[in-house]
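Content type CSV, C-alpha atoms, from the file coords_10.csv:
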chain,number,residue,atom,x,y,z
A,28,MET,CA,25.2,-21.4,10.1
A,29,ASN,CA,24.2,-23.7,7.2
A,30,SER,CA,22.6,-26.2,9.5
A,31,THR,CA,20.3,-23.4,10.9
A,32,ILE,CA,19.5,-22.4,7.4
A,33,ARG,CA,18.6,-26.0,6.5
A,34,ASP,CA,16.3,-26.2,9.6
A,35,LEU,CA,14.6,-23.0,8.5
A,36,LEU,CA,14.3,-24.3,4.9
A,37,THR,CA,12.6,-27.4,6.2
A,38,LYS,CA,10.2,-25.3,8.3
A,39,HIS,CA,9.4,-22.6,5.7
A,40,GLY,CA,10.6,-23.8,2.3
A,41,ARG,CA,7.6,-26.1,1.4
A,42,LEU,CA,10.0,-28.0,-0.8
A,43,PRO,CA,8.8,-31.2,-2.6
A,44,VAL,CA,12.1,-32.9,-1.6
A,45,SER,CA,14.0,-33.4,1.6
A,46,VAL,CA,16.4,-30.5,2.4
A,47,ASP,CA,19.1,-33.2,3.2
A,48,THR,CA,19.2,-34.0,-0.6
A,49,ILE,CA,20.0,-30.5,-1.6
A,50,ALA,CA,23.6,-29.4,-1.9
A,51,ASP,CA,24.8,-26.1,-0.4
A,52,ASP,CA,25.3,-24.7,-3.9
A,53,ALA,CA,22.2,-26.1,-5.5
A,54,ASP,CA,19.5,-23.8,-7.0
A,55,LEU,CA,16.7,-23.6,-4.5
A,56,TYR,CA,14.2,-22.3,-7.0
A,57,GLU,CA,14.9,-25.3,-9.2
A,58,ALA,CA,14.3,-27.4,-6.2
A,59,GLY,CA,10.9,-25.9,-5.9
A,60,LEU,CA,11.2,-22.9,-3.6
A,61,SER,CA,8.3,-20.5,-4.4
A,62,SER,CA,8.4,-16.7,-4.1
A,63,PHE,CA,6.0,-16.9,-1.2
A,64,ALA,CA,8.0,-19.6,0.6
A,65,SER,CA,11.2,-17.5,0.2
A,66,VAL,CA,9.4,-14.6,1.9
A,67,GLN,CA,8.5,-16.9,4.9
A,68,LEU,CA,12.1,-18.1,4.9
A,69,MET,CA,13.4,-14.5,5.0
A,70,LEU,CA,11.2,-13.7,8.0
A,71,GLY,CA,12.4,-16.9,9.7
A,72,LEU,CA,16.1,-16.0,9.1
A,73,GLU,CA,15.5,-12.5,10.5
A,74,GLU,CA,14.1,-14.0,13.7
A,75,ALA,CA,16.8,-16.7,14.0
A,76,PHE,CA,19.8,-14.5,13.4
A,77,ASP,CA,18.3,-11.3,14.9
A,78,ILE,CA,18.9,-9.3,11.7
A,79,GLU,CA,16.9,-7.3,9.3
A,80,PHE,CA,17.3,-7.8,5.5
A,81,PRO,CA,17.9,-4.4,3.8
A,82,GLU,CA,15.9,-3.7,0.7
A,83,THR,CA,19.0,-4.2,-1.5
A,84,LEU,CA,19.1,-7.9,-0.5
A,85,LEU,CA,15.3,-8.5,-0.8
A,86,ASN,CA,15.7,-10.2,-4.2
A,87,ARG,CA,15.7,-13.7,-5.7
A,88,LYS,CA,19.5,-13.9,-5.8
A,89,SER,CA,19.9,-13.6,-2.0
A,90,PHE,CA,17.9,-16.8,-1.6
A,91,SER,CA,19.0,-18.8,-4.6
A,92,SER,CA,21.1,-21.4,-2.7
A,93,ILE,CA,22.0,-22.3,0.9
A,94,ASN,CA,25.5,-20.7,0.3
A,95,ALA,CA,23.8,-17.5,-1.1
A,96,ILE,CA,21.6,-17.3,2.0
A,97,ALA,CA,24.6,-17.8,4.3
A,98,ALA,CA,26.5,-15.1,2.4
A,99,SER,CA,23.6,-12.7,2.7
A,100,VAL,CA,23.2,-13.3,6.4
A,101,SER,CA,27.0,-12.9,7.0
A,102,GLN,CA,27.0,-9.6,5.1
A,103,ILE,CA,24.1,-8.3,7.1
A,104,THR,CA,25.5,-9.5,10.4
A,105,GLU,CA,28.9,-7.7,9.7
A,106,THR,CA,27.2,-4.5,8.6
A,107,GLN,CA,24.8,-4.4,11.5
A,108,GLN,CA,27.6,-5.1,14.0
A,109,VAL,CA,29.6,-2.2,12.6
A,110,ALA,CA,26.6,0.0,12.8
B,23,MET,CA,0.9,17.8,-17.2
B,24,ASP,CA,2.0,17.2,-13.6
B,25,LYS,CA,-1.0,18.9,-12.1
B,26,GLN,CA,-3.2,16.0,-11.2
B,27,VAL,CA,-5.8,18.0,-9.4
B,28,SER,CA,-6.4,20.2,-12.4
B,29,PHE,CA,-7.0,17.3,-14.8
B,30,LEU,CA,-9.5,15.9,-12.3
B,31,ASP,CA,-11.2,19.3,-11.9
B,32,GLN,CA,-11.2,19.7,-15.7
B,33,LEU,CA,-13.0,16.4,-16.0
B,34,PHE,CA,-15.6,17.6,-13.4
B,35,ASP,CA,-15.9,21.0,-15.0
B,36,GLN,CA,-16.6,19.4,-18.4
B,37,GLY,CA,-19.1,17.0,-17.0
B,38,ILE,CA,-17.1,14.0,-18.1
B,39,LEU,CA,-16.9,12.7,-14.6
B,40,HIS,CA,-18.9,13.7,-11.6
B,41,ASP,CA,-17.5,14.1,-8.1
B,42,SER,CA,-19.0,12.0,-5.2
B,43,GLY,CA,-17.1,13.4,-2.3
B,44,VAL,CA,-15.0,10.3,-2.1
B,45,ASP,CA,-11.7,10.2,-3.9
B,46,GLY,CA,-11.6,7.6,-6.6
B,47,LEU,CA,-15.4,7.1,-6.7
B,48,TYR,CA,-16.9,9.0,-9.6
B,49,ALA,CA,-20.1,9.0,-11.7
B,50,ARG,CA,-19.4,8.6,-15.4
B,51,SER,CA,-21.1,10.7,-18.1
B,52,ASP,CA,-22.7,9.0,-21.1
B,53,LEU,CA,-19.9,10.3,-23.3
B,54,PHE,CA,-17.2,8.7,-21.0
B,55,GLU,CA,-19.1,5.4,-21.1
B,56,GLU,CA,-19.4,5.6,-24.9
B,57,VAL,CA,-15.6,6.0,-25.3
B,58,ILE,CA,-15.2,2.9,-23.1
B,59,THR,CA,-17.7,0.9,-25.0
B,60,ARG,CA,-16.1,1.8,-28.3
B,61,PHE,CA,-12.7,0.9,-27.0
B,62,GLU,CA,-13.9,-2.4,-25.8
B,63,ALA,CA,-15.3,-3.2,-29.2
B,64,LEU,CA,-11.9,-2.3,-30.7
B,65,ALA,CA,-10.0,-4.5,-28.2
B,66,LYS,CA,-12.4,-7.4,-28.7
B,67,SER,CA,-11.9,-7.2,-32.4
B,68,PHE,CA,-8.2,-7.9,-31.9
B,69,GLY,CA,-8.9,-11.2,-30.2
B,70,LYS,CA,-12.0,-12.3,-32.0
B,71,ASP,CA,-10.4,-15.2,-33.9
B,72,GLU,CA,-9.0,-16.9,-30.8
B,73,THR,CA,-11.7,-16.1,-28.2
B,74,SER,CA,-13.6,-19.2,-27.3
B,75,GLU,CA,-16.1,-17.5,-25.0
B,76,ALA,CA,-17.0,-14.3,-23.3
B,77,MET,CA,-18.2,-13.4,-19.8
B,78,VAL,CA,-19.0,-10.3,-17.8
B,79,PHE,CA,-18.8,-10.5,-14.0
B,80,PRO,CA,-20.6,-8.6,-11.3
B,81,PRO,CA,-18.3,-6.4,-9.1
B,82,GLY,CA,-18.3,-9.0,-6.3
B,83,MET,CA,-17.0,-12.6,-6.1
B,84,PRO,CA,-17.5,-15.5,-3.7
B,85,ILE,CA,-15.4,-14.9,-0.6
B,86,LYS,CA,-14.2,-18.5,-0.7
B,87,ASP,CA,-12.7,-17.9,-4.2
B,88,PHE,CA,-11.3,-14.6,-3.0
B,89,GLU,CA,-9.5,-16.5,-0.2
B,90,THR,CA,-8.2,-19.2,-2.6
B,91,SER,CA,-6.7,-16.5,-4.8
B,92,GLY,CA,-4.2,-15.6,-2.2
B,93,TYR,CA,-5.0,-11.9,-2.5
B,94,MET,CA,-4.8,-11.4,1.3
B,95,LYS,CA,-1.3,-12.8,1.3
B,96,ASN,CA,0.0,-10.2,-1.1
B,97,PHE,CA,-2.4,-7.2,-1.1
B,98,PRO,CA,-4.3,-7.0,2.2
B,99,HIS,CA,-4.1,-3.2,2.0
B,100,LEU,CA,-6.1,-3.0,-1.2
B,101,ALA,CA,-8.8,-5.6,-0.5
B,102,GLY,CA,-12.5,-4.8,0.1
B,103,THR,CA,-15.0,-7.2,1.6
B,104,VAL,CA,-18.7,-6.8,1.9
B,105,HIS,CA,-20.3,-6.7,5.3
B,106,ALA,CA,-24.0,-6.5,6.2
B,107,PHE,CA,-26.2,-5.9,9.2
B,108,CYS,CA,-26.8,-9.2,11.0
B,109,GLY,CA,-28.4,-8.1,14.3
B,110,ASN,CA,-31.8,-8.3,15.9
B,111,ASP,CA,-34.4,-5.5,16.7
B,112,HIS,CA,-32.4,-4.4,19.7
B,113,ASP,CA,-29.2,-4.2,17.7
B,114,HIS,CA,-31.0,-2.3,15.0
B,115,ALA,CA,-32.2,0.3,17.5
B,116,GLY,CA,-28.6,0.7,18.6
B,117,LEU,CA,-27.4,1.1,15.1
B,118,LEU,CA,-29.9,3.9,14.4
B,119,GLN,CA,-28.9,5.6,17.6
B,120,CYS,CA,-25.2,5.5,16.6
B,121,LEU,CA,-26.1,6.9,13.2
B,122,GLU,CA,-28.1,9.7,14.8
B,123,VAL,CA,-25.2,10.8,17.0
B,124,GLY,CA,-22.5,10.2,14.4
B,125,GLU,CA,-20.8,7.3,16.2
B,126,ASP,CA,-19.4,4.0,14.8
B,127,TRP,CA,-22.5,2.0,13.7
B,128,SER,CA,-20.6,-1.0,12.3
B,129,GLU,CA,-20.7,-3.3,15.4
B,130,ASN,CA,-23.3,-5.7,14.0
B,131,GLN,CA,-22.0,-5.5,10.4
B,132,LYS,CA,-20.8,-9.0,9.7
B,133,PRO,CA,-18.9,-10.5,6.8
B,134,THR,CA,-21.0,-11.8,3.9
B,135,ASP,CA,-20.1,-14.4,1.3
B,136,VAL,CA,-19.0,-11.7,-1.0
B,137,ALA,CA,-15.7,-9.9,-1.6
B,138,LEU,CA,-15.3,-7.0,-4.0
B,139,THR,CA,-13.5,-8.3,-7.0
B,140,PRO,CA,-9.9,-7.1,-7.0
B,141,ALA,CA,-8.9,-8.3,-10.5
B,142,ALA,CA,-11.3,-9.1,-13.3
B,143,CYS,CA,-9.9,-12.5,-14.1
B,144,TYR,CA,-10.2,-14.0,-10.6
B,145,PRO,CA,-13.9,-15.1,-10.8
B,146,LEU,CA,-13.0,-17.0,-14.0
B,147,TYR,CA,-10.5,-19.5,-12.6
B,148,PRO,CA,-12.9,-21.4,-10.3
B,149,ILE,CA,-15.4,-21.6,-13.2
B,150,LEU,CA,-12.7,-23.2,-15.4
B,151,ALA,CA,-11.7,-25.5,-12.6
B,152,ARG,CA,-15.2,-26.8,-12.1
B,153,ARG,CA,-15.5,-28.0,-15.7
B,154,GLY,CA,-12.7,-30.5,-15.3
B,155,ALA,CA,-9.5,-30.8,-17.3
B,156,LEU,CA,-9.1,-28.1,-20.1
B,157,PRO,CA,-9.4,-29.2,-23.7
B,158,ALA,CA,-6.1,-29.7,-25.6
B,159,GLU,CA,-6.5,-26.2,-27.1
B,160,GLY,CA,-6.8,-24.7,-23.6
B,161,ALA,CA,-9.2,-21.9,-22.8
B,162,TYR,CA,-9.3,-18.3,-24.3
B,163,VAL,CA,-11.8,-16.1,-22.6
B,164,ALA,CA,-12.8,-12.5,-23.1
B,165,LEU,CA,-14.1,-10.9,-19.9
B,166,GLN,CA,-14.9,-7.7,-18.1
B,167,SER,CA,-15.6,-6.8,-14.5
B,168,TYR,CA,-15.8,-3.9,-12.2
B,169,CYS,CA,-12.9,-4.1,-9.7
B,170,PHE,CA,-12.2,-2.5,-6.3
B,171,ARG,CA,-9.0,-1.5,-4.7
B,172,HIS,CA,-8.8,0.6,-1.6
B,173,GLU,CA,-6.4,3.3,-2.6
B,174,PRO,CA,-8.2,6.7,-2.5
B,175,SER,CA,-6.4,9.2,-4.6
B,176,ARG,CA,-7.0,12.5,-6.4
B,177,ASP,CA,-5.3,11.0,-9.4
B,178,PRO,CA,-8.3,10.3,-11.7
B,179,ALA,CA,-6.3,7.4,-13.2
B,180,ARG,CA,-6.3,5.7,-9.8
B,181,MET,CA,-9.9,5.0,-9.0
B,182,GLN,CA,-11.2,2.8,-6.2
B,183,MET,CA,-13.9,1.3,-8.5
B,184,PHE,CA,-13.0,0.8,-12.1
B,185,ARG,CA,-13.3,-1.7,-14.9
B,186,GLN,CA,-10.8,-4.1,-16.4
B,187,ARG,CA,-11.4,-5.8,-19.7
B,188,GLU,CA,-9.3,-8.9,-20.1
B,189,PHE,CA,-8.4,-11.8,-22.3
B,190,VAL,CA,-7.3,-14.8,-20.3
B,191,ARG,CA,-5.4,-17.8,-21.6
B,192,ALA,CA,-5.3,-21.1,-19.7
B,193,GLY,CA,-3.4,-24.1,-21.0
B,194,SER,CA,0.2,-25.2,-21.3
B,195,ALA,CA,3.2,-22.9,-20.4
B,196,ASP,CA,3.9,-22.5,-24.2
B,197,GLN,CA,0.3,-21.4,-24.9
B,198,ALA,CA,0.3,-18.9,-22.0
B,199,ILE,CA,3.7,-17.4,-22.9
B,200,ALA,CA,2.9,-17.2,-26.6
B,201,PHE,CA,-0.4,-15.5,-25.7
B,202,ARG,CA,1.3,-12.9,-23.6
B,203,GLU,CA,3.9,-12.1,-26.3
B,204,THR,CA,1.2,-11.7,-28.9
B,205,TRP,CA,-0.8,-9.3,-26.7
B,206,LYS,CA,2.3,-7.2,-25.9
B,207,GLN,CA,2.5,-6.4,-29.5
B,208,ARG,CA,-1.2,-6.1,-30.1
B,209,GLY,CA,-1.5,-3.6,-27.2
B,210,GLN,CA,1.1,-1.4,-28.9
B,211,ASP,CA,-0.8,-1.7,-32.2
B,212,ILE,CA,-4.0,-0.6,-30.5
B,213,MET,CA,-2.3,2.4,-29.0
B,214,LYS,CA,-0.9,3.3,-32.4
B,215,LEU,CA,-4.4,3.3,-33.8
B,216,LEU,CA,-5.5,5.5,-30.9
B,217,GLU,CA,-2.5,7.8,-31.4
B,218,LEU,CA,-1.4,7.6,-27.8
B,219,PRO,CA,2.3,7.7,-26.9
B,220,CYS,CA,3.3,4.6,-25.0
B,221,THR,CA,6.1,2.5,-23.7
B,222,VAL,CA,6.1,-1.2,-22.5
B,223,ASP,CA,8.2,-2.0,-19.5
B,224,VAL,CA,8.7,-4.8,-17.0
B,225,ALA,CA,6.7,-4.2,-13.9
B,226,ASN,CA,5.7,-5.6,-10.5
B,227,ASP,CA,2.4,-5.7,-8.6
B,228,PRO,CA,2.1,-3.5,-5.5
B,229,PHE,CA,2.8,-6.2,-2.9
B,230,PHE,CA,2.3,-5.3,0.7
B,231,GLY,CA,5.1,-4.6,3.2
B,232,ARG,CA,8.8,-5.6,3.3
B,233,ALA,CA,7.9,-9.2,2.2
B,234,GLY,CA,6.2,-7.5,-0.7
B,235,LYS,CA,9.5,-5.9,-1.8
B,236,MET,CA,10.9,-9.3,-2.2
B,237,MET,CA,7.8,-10.6,-4.1
B,238,GLY,CA,8.0,-7.5,-6.4
B,239,SER,CA,11.7,-7.9,-7.1
B,240,SER,CA,11.2,-11.6,-7.8
B,241,GLN,CA,8.4,-10.8,-10.1
B,242,ARG,CA,10.5,-8.3,-12.0
B,243,GLU,CA,13.5,-10.7,-12.2
B,244,GLN,CA,11.4,-13.4,-13.7
B,245,GLU,CA,9.7,-10.9,-16.1
B,246,LEU,CA,6.3,-12.1,-15.2
B,247,LYS,CA,4.5,-8.8,-15.6
B,248,PHE,CA,4.8,-6.1,-18.3
B,249,GLU,CA,2.9,-2.8,-18.4
B,250,LEU,CA,2.0,-0.5,-21.2
B,251,LEU,CA,2.5,3.0,-19.9
B,252,VAL,CA,0.9,6.2,-21.2
B,253,PRO,CA,1.5,9.7,-19.7
B,254,VAL,CA,-1.9,10.7,-18.3
B,255,ASN,CA,-1.4,12.9,-15.2
B,256,SER,CA,2.3,13.0,-15.3
B,257,ALA,CA,5.0,12.7,-17.9
B,258,ALA,CA,7.4,11.6,-15.2
B,259,ASN,CA,5.1,8.9,-13.8
B,260,PRO,CA,3.1,7.5,-16.8
B,261,THR,CA,0.0,5.4,-16.1
B,262,ALA,CA,-0.2,1.7,-16.7
B,263,CYS,CA,-3.1,1.4,-19.2
B,264,MET,CA,-2.6,-2.3,-20.0
B,265,SER,CA,-0.8,-5.1,-18.4
B,266,PHE,CA,0.5,-8.4,-19.7
B,267,ASN,CA,0.9,-11.1,-17.1
B,268,TYR,CA,2.1,-14.6,-17.0
B,269,HIS,CA,1.1,-16.3,-13.8
B,270,MET,CA,3.0,-19.6,-14.4
B,271,ASP,CA,0.9,-22.4,-12.8
B,272,ASN,CA,0.1,-20.3,-9.6
B,273,PHE,CA,-3.6,-20.0,-10.4
B,274,GLY,CA,-3.7,-23.5,-11.9
B,275,LYS,CA,-2.4,-24.8,-8.5
B,276,ALA,CA,-4.5,-22.5,-6.4
B,277,TRP,CA,-7.8,-23.5,-8.0
B,278,ASP,CA,-6.7,-26.9,-9.3
B,279,ILE,CA,-7.2,-26.2,-13.0
B,280,ARG,CA,-5.8,-29.1,-14.9
B,281,GLN,CA,-4.5,-29.7,-18.4
B,282,GLN,CA,-5.3,-32.9,-20.4
B,283,ASP,CA,-2.2,-34.6,-19.1
B,284,GLY,CA,-3.3,-34.0,-15.5
B,285,SER,CA,-0.6,-31.3,-14.8
B,286,HIS,CA,-1.7,-27.9,-13.5
B,287,ALA,CA,-2.6,-25.3,-16.1
B,288,HIS,CA,-0.5,-22.3,-16.8
B,289,THR,CA,-2.4,-19.0,-17.2
B,290,ALA,CA,-1.7,-15.6,-18.6
B,291,CYS,CA,-3.9,-12.5,-19.0
B,292,VAL,CA,-3.9,-9.2,-20.7
B,293,GLY,CA,-5.8,-6.5,-18.9
B,294,PHE,CA,-7.0,-3.1,-20.2
B,295,GLY,CA,-7.7,-0.4,-17.7
B,296,LEU,CA,-10.8,0.9,-19.3
B,297,GLU,CA,-11.2,4.2,-17.3
B,298,ARG,CA,-7.5,4.8,-17.7
B,299,ILE,CA,-7.5,4.4,-21.5
B,300,ALA,CA,-10.6,6.7,-21.7
B,301,LEU,CA,-8.7,9.2,-19.6
B,302,ALA,CA,-5.6,9.0,-21.7
B,303,LEU,CA,-7.8,9.7,-24.8
B,304,PHE,CA,-9.3,12.7,-23.2
B,305,ARG,CA,-6.0,13.9,-22.0
B,306,HIS,CA,-4.2,13.6,-25.3
B,307,HIS,CA,-7.0,14.4,-27.8
B,308,GLY,CA,-9.0,16.9,-25.8
B,309,MET,CA,-12.4,17.0,-24.0
B,310,ASP,CA,-14.3,17.3,-27.3
B,311,VAL,CA,-14.5,13.9,-28.9
B,312,GLU,CA,-15.8,15.4,-32.1
B,313,SER,CA,-12.5,17.1,-32.6
B,314,TRP,CA,-10.4,14.0,-31.9
B,315,PRO,CA,-8.0,13.1,-34.8
B,316,ALA,CA,-9.7,11.4,-37.7
B,317,GLY,CA,-7.7,8.2,-37.4
B,318,VAL,CA,-8.7,7.9,-33.7
B,319,ARG,CA,-12.3,8.5,-34.5
B,320,LYS,CA,-12.2,5.9,-37.2
B,321,ALA,CA,-10.6,3.4,-35.0
B,322,LEU,CA,-13.3,3.9,-32.3
B,323,TRP,CA,-16.4,4.8,-34.3
B,324,GLY,CA,-15.6,3.2,-37.6

Could you rewrite the structure in this file as structure tokens?
Amino acid sequence: MNSTIRDLLTKHGRLPVSVDTIADDADLYEAGLSSFASVQLMLGLEEAFDIEFPETLLNRKSFSSINAIAASVSQITETQQVA
Amino acid sequence: MDKQVSFLDQLFDQGILHDSGVDGLYARSDLFEEVITRFEALAKSFGKDETSEAMVFPPGMPIKDFETSGYMKNFPHLAGTVHAFCGNDHDHAGLLQCLEVGEDWSENQKPTDVALTPAACYPLYPILARRGALPAEGAYVALQSYCFRHEPSRDPARMQMFRQREFVRAGSADQAIAFRETWKQRGQDIMKLLELPCTVDVANDPFFGRAGKMMGSSQREQELKFELLVPVNSAANPTACMSFNYHMDNFGKAWDIRQQDGSHAHTACVGFGLERIALALFRHHGMDVESWPAGVRKALWG
């Protein structure tokens, strides 16, 4: 999953550095992720994983690192499969 | 206090505002305007020692600058753009015919170079950028503009066309943040003089759509926007009469406003909702300004 997230970060993140240099647990906002880019990333994730972010996860924390994004996506995938 | 319609009707009955038939678009009485003018003088007096210049803008701004602002990314639902007839004689005849039979006549209305200003400080940033790098002390501008937001409502405190008076600070991050903190306190001091009950709380702008939920929560988490709230129509949902905003270097980057060292400027603004503050005064102190509390009259009329 993390490699898909990295691809989407490259496409939507508008980061000043290469995504390859960012560790899975590194702070993406410190790496230069803007609020607007994180919205584009969120829409990209929804399309790639066929999910819909609930309002409770539409916050800064959900997109703060590659690991955090993976955790959010897993949580949504599990919930939406149950439902 | 929760009967919005009755407060609006009361304002109409007393001749303080006049209905136009379109919600949120009202004529103002001389008295209403005088209260606003007096408030503006009071607000300006609080920033007189720091203000380096003052400007008043017309209600429209260049469409190019409006595009640069990013407003359509975040608030497409509130924006208003100016269109004008750009047809020939034949098109004109068609337009008149449509008008006569009550059909849509907008076919040949084309976009102009003008957008209605959505926030009073937007026209300032391109002016600052054109001057080149800011001086070391930054910029400290007092300004006022009519603004437009497409949100028709019977709440008199939510007009479609209204004025914002602002102070804007552009410079370093430290200068912008210090400015915002100063005005958070000054805003409360002003309301104390006006004997209006208020609270200051972290807030977010009304960003559009689901993506907007994320923008809003992000703005709150970073504590970029605070509002000073006064109960006007509703005790449960008080009205934002002032806002204190730190934009980081978003506008510095958007318009390429630079500091002396070449880095992008940080900006902050304090906005006073002039109609809202006047409405709060009428709501809390009554429709007869002669009988407003002595302290309030002294603060406004001296």

Provide as a short mmCIF file (atom, residue, chain, number, x, y, z; two decimals) with C-alpha atoms, keeping the file's coordinate frame the residues of chain A at most 10 Å from chain B, counting only C-alpha atoms.
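Dumped everything to result-v8.cif:
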data_model
loop_
_atom_site.label_atom_id
_atom_site.label_comp_id
_atom_site.auth_asym_id
_atom_site.auth_seq_id
_atom_site.Cartn_x
_atom_site.Cartn_y
_atom_site.Cartn_z
CA SER A 61 8.30 -20.50 -4.40
CA SER A 62 8.40 -16.70 -4.10
CA PHE A 63 6.00 -16.90 -1.20
CA SER A 65 11.20 -17.50 0.20
CA VAL A 66 9.40 -14.60 1.90
CA GLN A 67 8.50 -16.90 4.90
CA MET A 69 13.40 -14.50 5.00
CA LEU A 70 11.20 -13.70 8.00
CA PHE A 80 17.30 -7.80 5.50
CA PRO A 81 17.90 -4.40 3.80
CA GLU A 82 15.90 -3.70 0.70
CA THR A 83 19.00 -4.20 -1.50
CA LEU A 84 19.10 -7.90 -0.50
CA LEU A 85 15.30 -8.50 -0.80
CA ASN A 86 15.70 -10.20 -4.20
CA ARG A 87 15.70 -13.70 -5.70
CA LYS A 88 19.50 -13.90 -5.80
CA SER A 89 19.90 -13.60 -2.00
#

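If you measure from each of B:Ser175, B:Ser51, B:Ser194, B:Ser285 to B:Phe34 using all atoms listed in the file, the closest one turns out to be B:Ser51.
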
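Distance-wise, atom CA of A:Asp77 and atom CA of B:Phe229 end up 24.1 Å apart.
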
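Among A:Met28, A:Ala95, A:Val100, A:Leu72, the residue with the shortest atom-to-atom distance to A:Asp52, counting all atoms listed in the file, is A:Ala95.
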
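The space between atom CA of B:Val254 and atom CA of B:Trp314 spans 16.4 Å.
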
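Closest approach to B:Ala101 among B:Phe304, B:Phe230, B:Tyr48, B:Trp277: B:Phe230, based on only C-alpha atoms.
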
Exercise for review: Extract, using only C-alpha atoms, all DNA, RNA and protein residues at most 10 Å from A:Ser30, discarding same-chain residues fewer than 5 positions from it, and format them as a VMD selection string.
Suggested key: chain A and resid 35 to 36 93

Review point. Any idea what the distance is between atom CA of B:Leu150 and atom CA of B:Phe170?
Key: 22.6 Å

**Study point:** Contacts of stretch 28-33 of chain B at 10 Å (all atoms listed in the file; same-chain gap of 2+ positions) as a list in words
**Key:** Met23, Asp24, Lys25, Gln26, Asp35, Gln36, Gly37, Ile38, Leu39, His40, Asp41, Arg176, Asp177, Pro178, Ala179, Val254, Asn255, Leu301, Phe304, Arg305 and Met309 of chain B

Exercise for review: Considering only C-alpha atoms, return as a ChimeraX atom specification whatever protein or nucleic-acid residues lie within 9 Å of B:Lys132, sequence-local ones (same chain, fewer than 6 positions apart) excluded.
Suggested key: /B:104-109

Review point. Which residues, written as a PyMOL selection string, have at least one atom at most 6 Å from B:Cys263, with only C-alpha atoms counted and residues fewer than 5 positions away on the same chain left out?
Key: chain B and resi 250-251+295+298-299
